[in-house]
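**Student:** First the structure, then my questions, so here it is.
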Amino acid sequence: MPDARLNALGLSTAQVEECQDRDLPGVLGRVSRVDRGFATIETAQGALRIETQASQELVVGDWLGGTADQAVLLTRHSELARLGGPHKDQRQTVVANVDLVVIVHSAVAQFRLELLSTFLVMAYDAGAEALVVISKSDLIDDADAVANHISTKLGGVETMTMSTATGYGLNALRQRIKDQSIVLLGESGTGKSTLTNELSGSEQLTAGELSRSGQGKHTTTHRELIVLPTGGVVIDTPGVRDAASFSGEHGIAMAFHDICDVVPHCRFSDCEHGDTAGCAVSEALASGALDLERVTAYLAEIAQRTAITLRAEERQRSSASSARGRRPKA
């Protein structure tokens, strides 16, 4: 049935009701891929490509109502965003309408706390849940110990271990993500494309070979939504070496909840959390209540958010000054 295809794409009553409220003929479908000037839409009848307008910036995961000739963007219920733009101070949506952000980390890769913390902030700012998956667990002796360590360093975030080579953990992961819209984030070579193929049951994406160190090679070059046979959809994304979140207060408060619980107890509201007298964070570090690496990652996110604000304010002042200089003389 046509409706079954839309349901498999993650259709909810929210999209149906919005189309009714806006007098649209119905839900057209969901964006599965975006190329320059065009978008691929998965509809009840199959896939179609439509030309996109400059004023309507679609992203993978968007729902559209109306018809192919008059497609209307429906309300996004979650947005995974990052920093972008020429000045690196603008919020850019990466994917939309995801329920769960799956952060894939290779068991043999260097643990980069600040990068994984940034991914967490992005997930929570999006309004989604977060899950860290330790991939390639067959390449080390005790992957569960690594998962527990990472969970602790990330404030207790949910973690799972798996291996696409042996199949270990795949069934548990399938149950965890069943009937959800998920997006995979991670560095290049962590095995996201291979995992997508395993979850989808087919070679949807080209996976790279392993290097001698066990680290994979970068393969994904675009974002793509794929329907899973067990229910739900997965969006694979290109691997990254560095990421910058928009550092929203909600995301930081969720990702660094233990630190944010301590910060209000500092003597001064503008405390920089160093050697300042009366700094509750420093006292918690000294007592062992807080972890130094987590505090360092937290301060990096705060510094980034401050830098974004300063850049945006400076750009506004510069634009205003330029506008005044262009005003014709009376």
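Residue numbering restarts at 1 for every chain of the structure tokens, chains are lettered A, B, ... in their displayed order, and ligands are numbered from 1 as they appear.
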Please provide the set of residues having any atom within 8 Å of Asn97 of chain A, restricted to only C-alpha atoms, with same-chain residues fewer than 4 positions apart removed, written as a list in words.
**Tutor:**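 Selected residues are Gly61, Asp62, Arg76, His77, Ser78, Glu79 and Ser181 of chain A.
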**Student:** Those residues you just picked out, can you put them in a file as a PDB file, in the first residue's frame with C-alpha atoms?
**Tutor:**
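Once everything was written out, this is part_21.pdb:
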```
ATOM      1  CA  GLY A  61      15.131  14.139   6.419  1.00  0.00           C
ATOM      2  CA  ASP A  62      12.756  16.978   5.557  1.00  0.00           C
ATOM      3  CA  ARG A  76      10.888  20.348  11.249  1.00  0.00           C
ATOM      4  CA  HIS A  77      10.514  18.620  14.594  1.00  0.00           C
ATOM      5  CA  SER A  78      14.258  18.360  15.110  1.00  0.00           C
ATOM      6  CA  GLU A  79      17.285  19.873  13.392  1.00  0.00           C
ATOM      7  CA  SER A 181      14.909   8.017  12.269  1.00  0.00           C
TER       8      SER A 181
END
```
**Student:** Using only C-alpha atoms, which protein or nucleic acid residues come within 10 Å of Arg174 of chain A? Drop anything in the same chain fewer than 4 positions from it, and give the result as a ChimeraX atom specification.
**Tutor:** /A:169-170,178-179,198-199,228,230-232
**Student:** Compile the contact shell of Met160 of chain A as a PyMOL selection string: residues with an atom at most 12 Å away, counting only C-alpha atoms, same-chain residues fewer than 6 positions apart removed.
**Tutor:** chain A and resi 102-107+130-137+143-151+168-177
**Student:** Could the residues in this selection be saved with N, CA and C atoms as an mmCIF file, in the first residue's frame?
**Tutor:**
```cif
data_model
loop_
_atom_site.group_PDB
_atom_site.id
_atom_site.type_symbol
_atom_site.label_atom_id
_atom_site.label_comp_id
_atom_site.auth_asym_id
_atom_site.auth_seq_id
_atom_site.Cartn_x
_atom_site.Cartn_y
_atom_site.Cartn_z
ATOM 1 N N VAL A 102 23.383 8.674 16.348
ATOM 2 C CA VAL A 102 24.293 7.580 16.666
ATOM 3 C C VAL A 102 25.719 8.031 16.340
ATOM 4 N N ILE A 103 26.511 8.187 17.371
ATOM 5 C CA ILE A 103 27.894 8.620 17.212
ATOM 6 C C ILE A 103 28.764 7.370 17.132
ATOM 7 N N VAL A 104 29.373 7.160 15.966
ATOM 8 C CA VAL A 104 30.158 5.948 15.737
ATOM 9 C C VAL A 104 31.633 6.241 16.018
ATOM 10 N N HIS A 105 32.215 5.464 16.920
ATOM 11 C CA HIS A 105 33.623 5.635 17.298
ATOM 12 C C HIS A 105 34.328 4.294 17.178
ATOM 13 N N SER A 106 35.407 4.250 16.396
ATOM 14 C CA SER A 106 36.141 3.010 16.204
ATOM 15 C C SER A 106 36.896 2.623 17.472
ATOM 16 N N ALA A 107 36.842 1.338 17.794
ATOM 17 C CA ALA A 107 37.528 0.844 18.993
ATOM 18 C C ALA A 107 39.037 1.019 18.907
ATOM 19 N N ALA A 130 20.919 10.566 22.130
ATOM 20 C CA ALA A 130 22.271 10.270 21.656
ATOM 21 C C ALA A 130 22.676 8.865 22.074
ATOM 22 N N LEU A 131 23.405 8.202 21.203
ATOM 23 C CA LEU A 131 23.936 6.868 21.459
ATOM 24 C C LEU A 131 25.325 6.797 20.853
ATOM 25 N N VAL A 132 26.297 6.341 21.637
ATOM 26 C CA VAL A 132 27.653 6.136 21.127
ATOM 27 C C VAL A 132 27.837 4.648 20.836
ATOM 28 N N VAL A 133 28.204 4.330 19.602
ATOM 29 C CA VAL A 133 28.441 2.949 19.190
ATOM 30 C C VAL A 133 29.938 2.758 18.975
ATOM 31 N N ILE A 134 30.508 1.809 19.698
ATOM 32 C CA ILE A 134 31.917 1.480 19.536
ATOM 33 C C ILE A 134 32.015 0.409 18.448
ATOM 34 N N SER A 135 32.496 0.796 17.276
ATOM 35 C CA SER A 135 32.581 -0.119 16.150
ATOM 36 C C SER A 135 33.915 -0.874 16.156
ATOM 37 N N LYS A 136 33.988 -1.913 15.321
ATOM 38 C CA LYS A 136 35.220 -2.710 15.160
ATOM 39 C C LYS A 136 35.684 -3.298 16.490
ATOM 40 N N SER A 137 34.730 -3.711 17.297
ATOM 41 C CA SER A 137 35.062 -4.226 18.624
ATOM 42 C C SER A 137 35.862 -5.533 18.562
ATOM 43 N N ALA A 143 36.313 -4.580 24.397
ATOM 44 C CA ALA A 143 35.575 -3.430 23.873
ATOM 45 C C ALA A 143 34.599 -2.876 24.897
ATOM 46 N N ASP A 144 34.051 -3.744 25.745
ATOM 47 C CA ASP A 144 33.096 -3.273 26.752
ATOM 48 C C ASP A 144 33.768 -2.324 27.739
ATOM 49 N N ALA A 145 35.033 -2.588 28.067
ATOM 50 C CA ALA A 145 35.773 -1.703 28.969
ATOM 51 C C ALA A 145 35.975 -0.337 28.313
ATOM 52 N N VAL A 146 36.249 -0.347 27.007
ATOM 53 C CA VAL A 146 36.397 0.913 26.268
ATOM 54 C C VAL A 146 35.073 1.668 26.269
ATOM 55 N N ALA A 147 33.982 0.940 26.049
ATOM 56 C CA ALA A 147 32.659 1.573 26.029
ATOM 57 C C ALA A 147 32.330 2.193 27.383
ATOM 58 N N ASN A 148 32.627 1.486 28.451
ATOM 59 C CA ASN A 148 32.366 2.013 29.793
ATOM 60 C C ASN A 148 33.209 3.244 30.082
ATOM 61 N N HIS A 149 34.464 3.219 29.643
ATOM 62 C CA HIS A 149 35.354 4.367 29.840
ATOM 63 C C HIS A 149 34.826 5.598 29.107
ATOM 64 N N ILE A 150 34.424 5.385 27.844
ATOM 65 C CA ILE A 150 33.915 6.504 27.045
ATOM 66 C C ILE A 150 32.611 7.032 27.630
ATOM 67 N N SER A 151 31.744 6.130 28.083
ATOM 68 C CA SER A 151 30.491 6.557 28.690
ATOM 69 C C SER A 151 30.748 7.442 29.906
ATOM 70 N N TYR A 168 28.743 -9.244 15.965
ATOM 71 C CA TYR A 168 28.517 -9.020 17.402
ATOM 72 C C TYR A 168 27.828 -7.673 17.634
ATOM 73 N N GLY A 169 26.762 -7.696 18.409
ATOM 74 C CA GLY A 169 26.076 -6.471 18.797
ATOM 75 C C GLY A 169 25.096 -5.914 17.782
ATOM 76 N N LEU A 170 25.055 -6.467 16.575
ATOM 77 C CA LEU A 170 24.198 -5.903 15.528
ATOM 78 C C LEU A 170 22.716 -6.077 15.846
ATOM 79 N N ASN A 171 22.334 -7.251 16.338
ATOM 80 C CA ASN A 171 20.917 -7.474 16.656
ATOM 81 C C ASN A 171 20.451 -6.552 17.776
ATOM 82 N N ALA A 172 21.308 -6.354 18.776
ATOM 83 C CA ALA A 172 20.954 -5.447 19.875
ATOM 84 C C ALA A 172 20.799 -4.026 19.357
ATOM 85 N N LEU A 173 21.676 -3.641 18.433
ATOM 86 C CA LEU A 173 21.584 -2.298 17.854
ATOM 87 C C LEU A 173 20.322 -2.152 17.018
ATOM 88 N N ARG A 174 19.982 -3.182 16.259
ATOM 89 C CA ARG A 174 18.749 -3.134 15.446
ATOM 90 C C ARG A 174 17.522 -2.926 16.330
ATOM 91 N N GLN A 175 17.490 -3.599 17.463
ATOM 92 C CA GLN A 175 16.369 -3.429 18.380
ATOM 93 C C GLN A 175 16.350 -2.027 18.978
ATOM 94 N N ARG A 176 17.526 -1.491 19.247
ATOM 95 C CA ARG A 176 17.607 -0.153 19.864
ATOM 96 C C ARG A 176 17.102 0.938 18.927
ATOM 97 N N ILE A 177 17.330 0.782 17.630
ATOM 98 C CA ILE A 177 16.983 1.844 16.683
ATOM 99 C C ILE A 177 15.690 1.561 15.931
#
```
**Student:** Give me the residues within 7 Å of segment 11-18 of chain A as a ChimeraX atom specification, counting only C-alpha atoms and dropping any in the same chain fewer than 6 places off.
**Tutor:** /A:26-27,74
**Student:** Work out how far atom CA of Val108 of chain A is from atom CA of Val295 of chain A, in Å to one decimal.
**Tutor:** 24.6 Å
**Student:** May I have the residues within 7 Å of Ile50 of chain A as a count of residues only, using only C-alpha atoms and disregarding those fewer than 2 positions away in the same chain?
**Tutor:** 6
